[in-house]
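To start, the structure under review is shown below, and the notes come after it.
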Amino acid sequence: METVEQITASGGRAFAIRADVSQADQVDELVAHSVATMGGIDILVNNAGIAQVAPLEQIEIETWDRLLGVHLRGTFLVTRLVLPMMYEQGYGKIINTVSQLAHSGSPGLTHYTAAKGAIISMTRSLALEIGERDINVNCVAPGATKTPILDDVPEELLEEVRQGIPKKRIAEVEDIVPAYVFLASDESRHFQGQTLSPNGGDVFI
């Protein structure tokens, strides 16, 4: 709600709705409410995500399904509903959040990296399907960033991650946002099926 208040205070329009993007009925409601409230969807950012660290042999089947459900199935379900609207209006920007770890891999995150890698592949295939339309689909693959997803990570592990980044720091959200703003703007009109990775040099893509 804080974000909604900030947007409205600056003169914009915003609303918040709770939905589990892995559930088709909730995605239907989310998209329908968005269209009814705002009159349409020009920019879609698929950003829902969860994470849990465990060796592959200790990952429960339910955990695997849940993580891929939120990341991969969620991206599919929302995009599947929004894309025909963009086709009809002849314009749109789709930005999928992935991770630099989809390129490098990471022990204990096989389910997470599998989901993110699949989204990158999905983005590339969709870019080919879109063809000459004035619609762009791309990815942002942030490096480690100070968000709630890191809240439960021990400080010693965060320090290890920090030392492995050439910039020697974990990103602030403000370091990541410009990639999204660029891809949401018309200046990105010739970017299609690409992955921008603000990661401080952690992984070269």
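A note on labels: chains of the structure tokens are A, B, ... as shown, every chain counts residues from 1, and ligands are counted from 1 in their shown order.
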Contacts of Asp42 of chain A within 8 Å, only C-alpha atoms, excl. fewer than 4 positions in-chain, as a ChimeraX atom specification:
/A:86,91-93
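Of the residues under consideration (A:Thr110, A:Thr147, A:Asn47, A:Gln89), A:Thr110 shows the shortest atom-to-atom contact distance to Trp64 of chain A when counting only C-alpha atoms.
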Can you work out which one of A:Ser34, A:Thr63, A:Thr123, A:Ser104 has the shortest atom-to-atom distance to Thr79 of chain A, counting only C-alpha atoms?
A:Thr123
Give the answer as one residue: which of A:Leu183, A:Ala24, A:Ile149, A:Leu128 has the shortest atom-to-atom distance to Gln52 of chain A, using only C-alpha atoms?
A:Ile149
Sel. of helix (DSSP H, G or I) residues, segment 28-150 of chain A, as a PyMOL selection string:
chain A and resi 28-38+56-58+61-89+101-104+110-130+148-150
Please provide the set of residues having any atom within 10 Å of Glu5 of chain A, restricted to only C-alpha atoms, with same-chain residues fewer than 6 positions apart removed, written as a count of residues only.
5
Can you tell me, as a ChimeraX atom specification, which residues in segment 98-202 of chain A count as strand (DSSP E or B) by DSSP?
/A:135-140,145,171,195-196
Please, could you write that set of residues out with N, CA, C and O atoms as a CSV table (one decimal), in the first residue's frame?
chain,number,residue,atom,x,y,z
A,135,ILE,N,5.2,-4.5,-30.3
A,135,ILE,CA,5.1,-5.0,-29.0
A,135,ILE,C,6.5,-5.6,-28.7
A,135,ILE,O,7.1,-6.2,-29.6
A,136,ASN,N,7.0,-5.3,-27.5
A,136,ASN,CA,8.4,-5.8,-27.2
A,136,ASN,C,8.3,-6.7,-25.9
A,136,ASN,O,7.6,-6.4,-25.0
A,137,VAL,N,9.0,-7.7,-25.9
A,137,VAL,CA,9.1,-8.6,-24.8
A,137,VAL,C,10.6,-8.9,-24.5
A,137,VAL,O,11.4,-9.3,-25.3
A,138,ASN,N,11.0,-8.5,-23.3
A,138,ASN,CA,12.4,-8.6,-22.8
A,138,ASN,C,12.5,-9.1,-21.4
A,138,ASN,O,11.5,-9.1,-20.7
A,139,CYS,N,13.7,-9.3,-20.9
A,139,CYS,CA,13.9,-9.7,-19.5
A,139,CYS,C,14.9,-8.7,-18.8
A,139,CYS,O,15.7,-8.1,-19.4
A,140,VAL,N,14.7,-8.6,-17.5
A,140,VAL,CA,15.7,-8.0,-16.6
A,140,VAL,C,16.2,-9.1,-15.7
A,140,VAL,O,15.4,-9.8,-15.1
A,145,THR,N,20.1,-8.3,-4.9
A,145,THR,CA,19.5,-7.0,-4.6
A,145,THR,C,18.9,-7.0,-3.2
A,145,THR,O,18.3,-8.0,-2.8
A,171,ALA,N,23.2,-4.9,-4.8
A,171,ALA,CA,22.5,-3.7,-5.4
A,171,ALA,C,21.4,-3.2,-4.5
A,171,ALA,O,20.8,-4.0,-3.8
A,195,THR,N,18.0,-9.8,-22.7
A,195,THR,CA,18.1,-9.8,-21.3
A,195,THR,C,19.1,-8.8,-20.8
A,195,THR,O,20.3,-8.8,-21.2
A,196,LEU,N,18.6,-7.8,-20.1
A,196,LEU,CA,19.5,-6.8,-19.5
A,196,LEU,C,19.8,-7.2,-18.0
A,196,LEU,O,18.9,-7.6,-17.3
Within 9 Å of Gln23 of chain A, counting only C-alpha atoms, which residues show up once you throw out same-chain ones fewer than 3 positions away? Write them as an MDAnalysis selection string, please.
chainID A and resid 19:20 26:28 69:70 73:74 77
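Among the candidate residues A:Asp25, A:Asp175, A:Glu88, A:Glu60, the one lying nearest to Arg133 of chain A is A:Glu88, with distances computed using only C-alpha atoms.
Closest to Ile50 of chain A among A:Gly164, A:Gly200, A:Pro84, A:Pro148 is A:Pro148, based on only C-alpha atoms.
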